[in-house]
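Just data03.txt here, compact mmCIF, N, CA and C atoms:
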```
# COMPACT_ATOMS: atom_id res chain seq x y z
N MET A 1422 82.10 81.26 106.00
CA MET A 1422 82.54 80.07 105.32
C MET A 1422 84.07 79.95 105.36
N GLU A 1423 84.77 81.06 105.14
CA GLU A 1423 86.22 81.03 105.11
C GLU A 1423 86.80 80.60 106.46
N LEU A 1424 86.18 81.06 107.54
CA LEU A 1424 86.65 80.69 108.87
C LEU A 1424 86.52 79.19 109.08
N GLY A 1425 85.41 78.62 108.65
CA GLY A 1425 85.21 77.18 108.76
C GLY A 1425 86.23 76.40 107.95
N LEU A 1426 86.50 76.86 106.73
CA LEU A 1426 87.49 76.21 105.87
C LEU A 1426 88.88 76.27 106.51
N ALA A 1427 89.23 77.42 107.03
CA ALA A 1427 90.55 77.58 107.66
C ALA A 1427 90.68 76.67 108.88
N GLU A 1428 89.65 76.63 109.72
CA GLU A 1428 89.73 75.78 110.91
C GLU A 1428 89.84 74.30 110.53
N LYS A 1429 89.06 73.88 109.55
CA LYS A 1429 89.11 72.49 109.10
C LYS A 1429 90.49 72.16 108.55
N ARG A 1430 91.06 73.08 107.81
CA ARG A 1430 92.39 72.87 107.22
C ARG A 1430 93.45 72.78 108.32
N LEU A 1431 93.33 73.63 109.33
CA LEU A 1431 94.31 73.63 110.42
C LEU A 1431 94.27 72.34 111.23
N GLN A 1432 93.13 71.66 111.23
CA GLN A 1432 93.00 70.43 111.99
C GLN A 1432 93.39 69.19 111.17
N SER A 1433 93.74 69.39 109.92
CA SER A 1433 94.00 68.25 109.04
C SER A 1433 95.36 67.60 109.31
N HIS A 1434 95.47 66.35 108.89
CA HIS A 1434 96.72 65.60 109.00
C HIS A 1434 97.85 66.32 108.26
N ASP A 1435 97.57 66.75 107.03
CA ASP A 1435 98.61 67.37 106.22
C ASP A 1435 99.17 68.65 106.83
N MET A 1436 98.34 69.42 107.49
CA MET A 1436 98.83 70.64 108.14
C MET A 1436 99.84 70.29 109.23
N HIS A 1437 99.46 69.35 110.09
CA HIS A 1437 100.35 68.94 111.17
C HIS A 1437 101.61 68.28 110.64
N GLU A 1438 101.47 67.46 109.62
CA GLU A 1438 102.62 66.77 109.02
C GLU A 1438 103.57 67.78 108.38
N GLY A 1439 103.03 68.74 107.67
CA GLY A 1439 103.87 69.74 107.02
C GLY A 1439 104.64 70.59 108.02
N ILE A 1440 103.98 70.99 109.09
CA ILE A 1440 104.64 71.79 110.13
C ILE A 1440 105.72 70.97 110.82
N GLU A 1441 105.40 69.73 111.15
CA GLU A 1441 106.38 68.88 111.82
C GLU A 1441 107.59 68.63 110.93
N ALA A 1442 107.36 68.33 109.65
CA ALA A 1442 108.47 68.08 108.73
C ALA A 1442 109.36 69.31 108.58
N LEU A 1443 108.76 70.45 108.40
CA LEU A 1443 109.53 71.66 108.14
C LEU A 1443 110.19 72.24 109.40
N LEU A 1444 109.43 72.31 110.50
CA LEU A 1444 109.94 72.99 111.68
C LEU A 1444 110.57 72.07 112.72
N VAL A 1445 110.08 70.84 112.83
CA VAL A 1445 110.62 69.93 113.84
C VAL A 1445 111.74 69.08 113.27
N ARG A 1446 111.41 68.34 112.19
CA ARG A 1446 112.43 67.47 111.59
C ARG A 1446 113.38 68.24 110.69
N LYS A 1447 112.98 69.46 110.31
CA LYS A 1447 113.76 70.33 109.43
C LYS A 1447 114.17 69.60 108.14
N SER A 1448 113.16 69.02 107.51
CA SER A 1448 113.40 68.28 106.27
C SER A 1448 112.24 68.52 105.31
N ASN A 1449 112.40 68.01 104.11
CA ASN A 1449 111.32 68.11 103.12
C ASN A 1449 110.71 66.74 102.87
N ASP A 1450 110.60 65.93 103.93
CA ASP A 1450 110.12 64.56 103.76
C ASP A 1450 108.72 64.35 104.33
N ALA A 1451 107.87 65.33 104.19
CA ALA A 1451 106.51 65.22 104.72
C ALA A 1451 105.78 64.05 104.07
N GLN A 1452 105.04 63.31 104.87
CA GLN A 1452 104.27 62.15 104.39
C GLN A 1452 102.82 62.60 104.17
N TRP A 1453 102.55 63.18 103.01
CA TRP A 1453 101.23 63.71 102.72
C TRP A 1453 100.22 62.60 102.55
N ASP A 1454 98.95 62.92 102.83
CA ASP A 1454 97.87 61.96 102.66
C ASP A 1454 96.70 62.65 101.98
N PRO A 1455 96.49 62.42 100.73
CA PRO A 1455 97.13 61.49 99.81
C PRO A 1455 98.52 61.98 99.40
N ALA A 1456 99.35 61.05 98.93
CA ALA A 1456 100.76 61.34 98.63
C ALA A 1456 100.95 62.19 97.38
N THR A 1457 100.03 62.09 96.42
CA THR A 1457 100.17 62.87 95.18
C THR A 1457 98.84 63.54 94.85
N LEU A 1458 98.90 64.54 93.99
CA LEU A 1458 97.67 65.23 93.57
C LEU A 1458 96.75 64.30 92.79
N ASP A 1459 97.32 63.35 92.06
CA ASP A 1459 96.51 62.41 91.29
C ASP A 1459 95.64 61.54 92.20
N GLU A 1460 96.07 61.35 93.44
CA GLU A 1460 95.33 60.50 94.38
C GLU A 1460 94.22 61.26 95.11
N VAL A 1461 94.12 62.56 94.92
CA VAL A 1461 93.11 63.36 95.60
C VAL A 1461 91.73 63.04 95.03
N ASP A 1462 90.79 62.71 95.89
CA ASP A 1462 89.40 62.46 95.50
C ASP A 1462 88.68 63.80 95.53
N VAL A 1463 88.54 64.42 94.39
CA VAL A 1463 87.98 65.77 94.29
C VAL A 1463 86.54 65.81 94.79
N GLU A 1464 85.76 64.78 94.51
CA GLU A 1464 84.36 64.77 94.95
C GLU A 1464 84.28 64.69 96.47
N ALA A 1465 85.12 63.85 97.08
CA ALA A 1465 85.12 63.73 98.54
C ALA A 1465 85.59 65.04 99.17
N LEU A 1466 86.57 65.67 98.55
CA LEU A 1466 87.08 66.95 99.05
C LEU A 1466 85.98 68.01 98.99
N GLY A 1467 85.28 68.06 97.87
CA GLY A 1467 84.19 69.02 97.72
C GLY A 1467 83.07 68.77 98.71
N ALA A 1468 82.76 67.50 98.93
CA ALA A 1468 81.69 67.16 99.88
C ALA A 1468 82.10 67.54 101.31
N GLU A 1469 83.38 67.35 101.62
CA GLU A 1469 83.84 67.64 102.98
C GLU A 1469 83.92 69.14 103.26
N TYR A 1470 84.40 69.90 102.31
CA TYR A 1470 84.65 71.33 102.54
C TYR A 1470 83.55 72.26 102.03
N PHE A 1471 82.74 71.82 101.10
CA PHE A 1471 81.79 72.74 100.48
C PHE A 1471 80.36 72.23 100.52
N LYS A 1472 79.97 71.62 101.61
CA LYS A 1472 78.58 71.16 101.77
C LYS A 1472 77.68 72.39 101.82
N PRO A 1473 76.57 72.38 101.09
CA PRO A 1473 75.68 73.54 101.13
C PRO A 1473 75.07 73.76 102.51
N GLU A 1474 74.85 72.68 103.25
CA GLU A 1474 74.23 72.83 104.57
C GLU A 1474 75.24 73.12 105.66
N TYR A 1475 76.52 73.21 105.28
CA TYR A 1475 77.56 73.43 106.28
C TYR A 1475 77.45 74.83 106.86
N GLN A 1476 77.14 74.92 108.12
CA GLN A 1476 77.03 76.20 108.82
C GLN A 1476 78.05 76.20 109.95
N TYR A 1477 79.14 76.92 109.77
CA TYR A 1477 80.17 76.95 110.79
C TYR A 1477 79.80 77.94 111.88
N LYS A 1478 79.87 77.50 113.12
CA LYS A 1478 79.62 78.37 114.26
C LYS A 1478 80.85 78.32 115.14
N PRO A 1479 81.61 79.41 115.19
CA PRO A 1479 82.83 79.39 116.00
C PRO A 1479 82.51 79.23 117.48
N GLY A 1480 83.33 78.45 118.14
CA GLY A 1480 83.18 78.27 119.58
C GLY A 1480 84.20 79.10 120.32
N PHE A 1481 83.96 79.31 121.60
CA PHE A 1481 84.88 80.08 122.40
C PHE A 1481 85.74 79.14 123.22
N VAL A 1482 86.94 79.57 123.53
CA VAL A 1482 87.89 78.76 124.26
C VAL A 1482 87.44 78.57 125.70
N HIS A 1483 86.82 79.57 126.27
CA HIS A 1483 86.37 79.50 127.66
C HIS A 1483 85.05 80.23 127.82
N ASP A 1484 84.44 80.08 128.98
CA ASP A 1484 83.12 80.67 129.21
C ASP A 1484 83.18 82.03 129.89
N VAL A 1485 84.35 82.61 130.06
CA VAL A 1485 84.47 83.91 130.71
C VAL A 1485 83.92 84.99 129.79
N ALA A 1486 83.16 85.88 130.34
CA ALA A 1486 82.59 86.98 129.56
C ALA A 1486 83.71 87.91 129.11
N PHE A 1487 83.54 88.55 127.98
CA PHE A 1487 84.57 89.46 127.49
C PHE A 1487 84.74 90.67 128.39
N SER A 1488 83.78 90.94 129.24
CA SER A 1488 83.89 92.08 130.15
C SER A 1488 84.84 91.76 131.31
N GLU A 1489 85.20 90.50 131.46
CA GLU A 1489 86.12 90.10 132.53
C GLU A 1489 87.35 89.45 131.92
N TYR A 1490 88.48 90.10 132.05
CA TYR A 1490 89.72 89.55 131.51
C TYR A 1490 90.15 88.38 132.38
N PRO A 1491 90.38 87.21 131.80
CA PRO A 1491 90.61 86.01 132.61
C PRO A 1491 92.01 85.84 133.18
N HIS A 1492 92.91 86.75 132.88
CA HIS A 1492 94.29 86.55 133.32
C HIS A 1492 94.69 87.55 134.40
N LYS A 1493 95.44 87.10 135.37
CA LYS A 1493 95.91 87.95 136.47
C LYS A 1493 96.91 88.99 135.96
N TYR A 1494 97.44 88.79 134.75
CA TYR A 1494 98.47 89.69 134.25
C TYR A 1494 97.91 91.01 133.75
N GLY A 1495 96.60 91.11 133.65
CA GLY A 1495 95.98 92.36 133.20
C GLY A 1495 95.79 93.30 134.38
N LEU A 1496 94.95 94.27 134.20
CA LEU A 1496 94.61 95.21 135.27
C LEU A 1496 93.52 94.60 136.14
N PRO A 1497 93.31 95.12 137.35
CA PRO A 1497 92.24 94.57 138.19
C PRO A 1497 90.89 94.75 137.50
N THR A 1498 90.03 93.77 137.68
CA THR A 1498 88.71 93.87 137.07
C THR A 1498 87.81 94.76 137.92
N GLU A 1499 86.75 95.22 137.31
CA GLU A 1499 85.80 96.05 138.03
C GLU A 1499 85.21 95.24 139.20
N LYS A 1500 85.02 93.96 138.97
CA LYS A 1500 84.48 93.07 140.01
C LYS A 1500 85.42 93.03 141.22
N GLU A 1501 86.73 92.93 140.98
CA GLU A 1501 87.71 92.92 142.08
C GLU A 1501 87.70 94.24 142.84
N ILE A 1502 87.63 95.33 142.10
CA ILE A 1502 87.63 96.65 142.74
C ILE A 1502 86.36 96.82 143.58
N MET A 1503 85.22 96.41 143.03
CA MET A 1503 83.96 96.55 143.75
C MET A 1503 83.93 95.65 145.00
N ALA A 1504 84.59 94.50 144.95
CA ALA A 1504 84.66 93.62 146.12
C ALA A 1504 85.45 94.30 147.24
N MET A 1505 86.42 95.10 146.88
CA MET A 1505 87.20 95.84 147.87
C MET A 1505 86.35 96.96 148.47
N VAL A 1506 85.58 97.62 147.64
CA VAL A 1506 84.72 98.72 148.09
C VAL A 1506 83.62 98.19 149.02
N SER A 1507 83.00 97.08 148.64
CA SER A 1507 81.87 96.56 149.41
C SER A 1507 82.29 95.78 150.65
N GLY A 1508 83.59 95.46 150.75
CA GLY A 1508 84.07 94.69 151.90
C GLY A 1508 84.00 93.19 151.68
N GLU A 1509 83.59 92.75 150.48
CA GLU A 1509 83.55 91.33 150.18
C GLU A 1509 84.95 90.72 150.14
N ASN A 1510 85.92 91.53 149.77
CA ASN A 1510 87.30 91.06 149.76
C ASN A 1510 87.78 91.02 151.21
N PRO A 1511 88.21 89.85 151.71
CA PRO A 1511 88.62 89.74 153.12
C PRO A 1511 89.79 90.66 153.47
N GLN A 1512 90.56 91.06 152.48
CA GLN A 1512 91.69 91.95 152.75
C GLN A 1512 91.25 93.40 152.97
N ALA A 1513 89.99 93.69 152.71
CA ALA A 1513 89.48 95.05 152.92
C ALA A 1513 89.34 95.36 154.40
N GLY A 1514 89.16 94.33 155.21
CA GLY A 1514 89.00 94.55 156.65
C GLY A 1514 87.64 95.14 156.96
N SER A 1515 87.47 95.54 158.20
CA SER A 1515 86.17 96.06 158.62
C SER A 1515 86.13 97.58 158.60
N PHE A 1516 87.20 98.22 158.14
CA PHE A 1516 87.27 99.67 158.11
C PHE A 1516 86.83 100.21 156.76
N SER A 1517 86.31 101.40 156.77
CA SER A 1517 85.96 102.07 155.53
C SER A 1517 87.25 102.56 154.88
N LEU A 1518 87.43 102.24 153.62
CA LEU A 1518 88.66 102.62 152.92
C LEU A 1518 88.44 103.84 152.05
N LEU A 1519 89.43 104.70 152.03
CA LEU A 1519 89.41 105.85 151.12
C LEU A 1519 89.77 105.35 149.72
N HIS A 1520 89.41 106.12 148.71
CA HIS A 1520 89.75 105.75 147.34
C HIS A 1520 91.26 105.58 147.19
N SER A 1521 92.02 106.46 147.83
CA SER A 1521 93.48 106.37 147.72
C SER A 1521 94.00 105.09 148.36
N ASP A 1522 93.35 104.61 149.45
CA ASP A 1522 93.74 103.35 150.09
C ASP A 1522 93.49 102.17 149.14
N ILE A 1523 92.35 102.22 148.47
CA ILE A 1523 92.00 101.14 147.54
C ILE A 1523 92.99 101.13 146.37
N ALA A 1524 93.31 102.31 145.86
CA ALA A 1524 94.27 102.41 144.75
C ALA A 1524 95.63 101.87 145.19
N ARG A 1525 96.08 102.24 146.41
CA ARG A 1525 97.37 101.75 146.92
C ARG A 1525 97.36 100.23 147.08
N PHE A 1526 96.24 99.70 147.57
CA PHE A 1526 96.12 98.25 147.74
C PHE A 1526 96.35 97.54 146.41
N PHE A 1527 95.65 98.00 145.36
CA PHE A 1527 95.78 97.33 144.06
C PHE A 1527 97.14 97.57 143.43
N GLU A 1528 97.73 98.75 143.65
CA GLU A 1528 99.09 98.98 143.15
C GLU A 1528 100.07 97.99 143.78
N HIS A 1529 99.88 97.73 145.08
CA HIS A 1529 100.73 96.76 145.77
C HIS A 1529 100.46 95.34 145.25
N GLU A 1530 99.18 94.97 145.12
CA GLU A 1530 98.80 93.63 144.63
C GLU A 1530 99.33 93.37 143.23
N TYR A 1531 99.32 94.38 142.39
CA TYR A 1531 99.76 94.22 141.00
C TYR A 1531 101.20 94.71 140.81
N GLU A 1532 101.90 94.82 141.91
CA GLU A 1532 103.34 95.14 141.92
C GLU A 1532 103.69 96.36 141.08
N GLY A 1533 102.92 97.43 141.25
CA GLY A 1533 103.22 98.70 140.59
C GLY A 1533 102.99 98.71 139.09
N LYS A 1534 102.20 97.78 138.59
CA LYS A 1534 101.95 97.70 137.15
C LYS A 1534 101.37 99.02 136.63
N VAL A 1535 101.84 99.44 135.50
CA VAL A 1535 101.38 100.68 134.87
C VAL A 1535 99.90 100.58 134.55
N GLY A 1536 99.14 101.59 134.92
CA GLY A 1536 97.73 101.68 134.61
C GLY A 1536 96.79 101.23 135.71
N VAL A 1537 97.34 100.58 136.75
CA VAL A 1537 96.49 100.08 137.83
C VAL A 1537 95.81 101.23 138.56
N ARG A 1538 96.59 102.21 138.99
CA ARG A 1538 96.02 103.35 139.72
C ARG A 1538 94.94 104.06 138.88
N GLN A 1539 95.23 104.26 137.60
CA GLN A 1539 94.29 104.95 136.73
C GLN A 1539 92.99 104.15 136.58
N LYS A 1540 93.09 102.83 136.42
CA LYS A 1540 91.88 102.00 136.28
C LYS A 1540 91.06 102.04 137.55
N VAL A 1541 91.72 101.92 138.71
CA VAL A 1541 90.99 101.93 139.98
C VAL A 1541 90.29 103.27 140.16
N ARG A 1542 90.99 104.36 139.89
CA ARG A 1542 90.38 105.69 140.03
C ARG A 1542 89.22 105.88 139.06
N TRP A 1543 89.35 105.34 137.86
CA TRP A 1543 88.28 105.45 136.86
C TRP A 1543 87.04 104.72 137.35
N VAL A 1544 87.21 103.48 137.85
CA VAL A 1544 86.07 102.69 138.34
C VAL A 1544 85.44 103.38 139.55
N LEU A 1545 86.25 103.85 140.47
CA LEU A 1545 85.73 104.50 141.68
C LEU A 1545 85.06 105.83 141.32
N GLY A 1546 85.61 106.56 140.36
CA GLY A 1546 85.00 107.81 139.90
C GLY A 1546 83.63 107.57 139.30
N ARG A 1547 83.51 106.51 138.51
CA ARG A 1547 82.21 106.16 137.94
C ARG A 1547 81.21 105.80 139.04
N LEU A 1548 81.69 105.13 140.07
CA LEU A 1548 80.84 104.74 141.20
C LEU A 1548 80.31 105.98 141.90
N ASP A 1549 81.14 107.00 142.06
CA ASP A 1549 80.73 108.25 142.72
C ASP A 1549 79.66 108.98 141.93
N ARG A 1550 79.71 108.87 140.60
CA ARG A 1550 78.75 109.58 139.74
C ARG A 1550 77.40 108.87 139.67
N GLU A 1551 77.36 107.60 140.02
CA GLU A 1551 76.10 106.84 139.90
C GLU A 1551 75.16 107.12 141.05
```

Show this structure as structure tokens.
Amino acid sequence: MELGLAEKRLQSHDMHEGIEALLVRKSNDAQWDPATLDEVDVEALGAEYFKPEYQYKPGFVHDVAFSEYPHKYGLPTEKEIMAMVSGENPQAGSFSLLHSDIARFFEHEYEGKVGVRQKVRWVLGRLDRE
């Protein structure tokens, strides 16, 4: 329930108006709606925020599975590493690659990012044990 209330509040006119007044215009001249507490319709507020049948279901920003990090700035995904092993990646060529070759490839692709070699070795090590 609290998550639903917070999301509804963040989408409200007053939230945007307050942020704009304080951070953008740098003033205390927010145009609240309603303008005063006396103008607040308590019954309408209660009906909007506290409906008994209100069931909040959070949505996801994208459809990518949590097992696949959607940004190139992370480490290579297991899917990318396996594409190199299986030859699905066109950069793998037609030759059989050693684990060290695959690790070097990803280190080069990710410009020496810390943890790339370790992740590739971990995925390849798991593959050897299966």

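Nearest to Asp1549 of chain A of all the residues A:Val1506, A:Leu1443, A:Phe1527, A:Gly1425 is A:Val1506, counting only C-alpha atoms.
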
Given only C-alpha atoms as the basis, pick out the residue of A:Arg1542, A:Lys1447, A:Lys1534, A:Lys1500 nearest to His1520 of chain A.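 Nearest to His1520 of chain A: A:Arg1542.
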
Can you list every residue in chain A that DSSP puts in helix (DSSP H, G or I), as number ranges by chain? A: 1423-1431, 1434-1445, 1458-1460, 1463-1470, 1499-1507, 1511-1513, 1520-1530, 1537-1550

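The shortest atom-to-atom distance to Gln1452 of chain A, with only N, CA and C atoms taken into account, belongs to A:Asp1435 out of A:Glu1464, A:Arg1525, A:Asp1435, A:Gly1533.
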
Calculate how many Å separate atom C of Met1436 of chain A from atom C of Trp1453 of chain A, rounding to one decimal.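 Computing the Euclidean distance for atom C of Met1436 of chain A and atom C of Trp1453 of chain A yields 10.2 Å.
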
Within 12 Å of Ser1515 of chain A, counting only C-alpha atoms, which residues qualify if same-chain residues fewer than 6 places away don't, as a ChimeraX atom specification? /A:1505-1509

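Atom to atom, atom N of Ala1504 of chain A and atom C of Ala1524 of chain A stand 13.3 Å apart.
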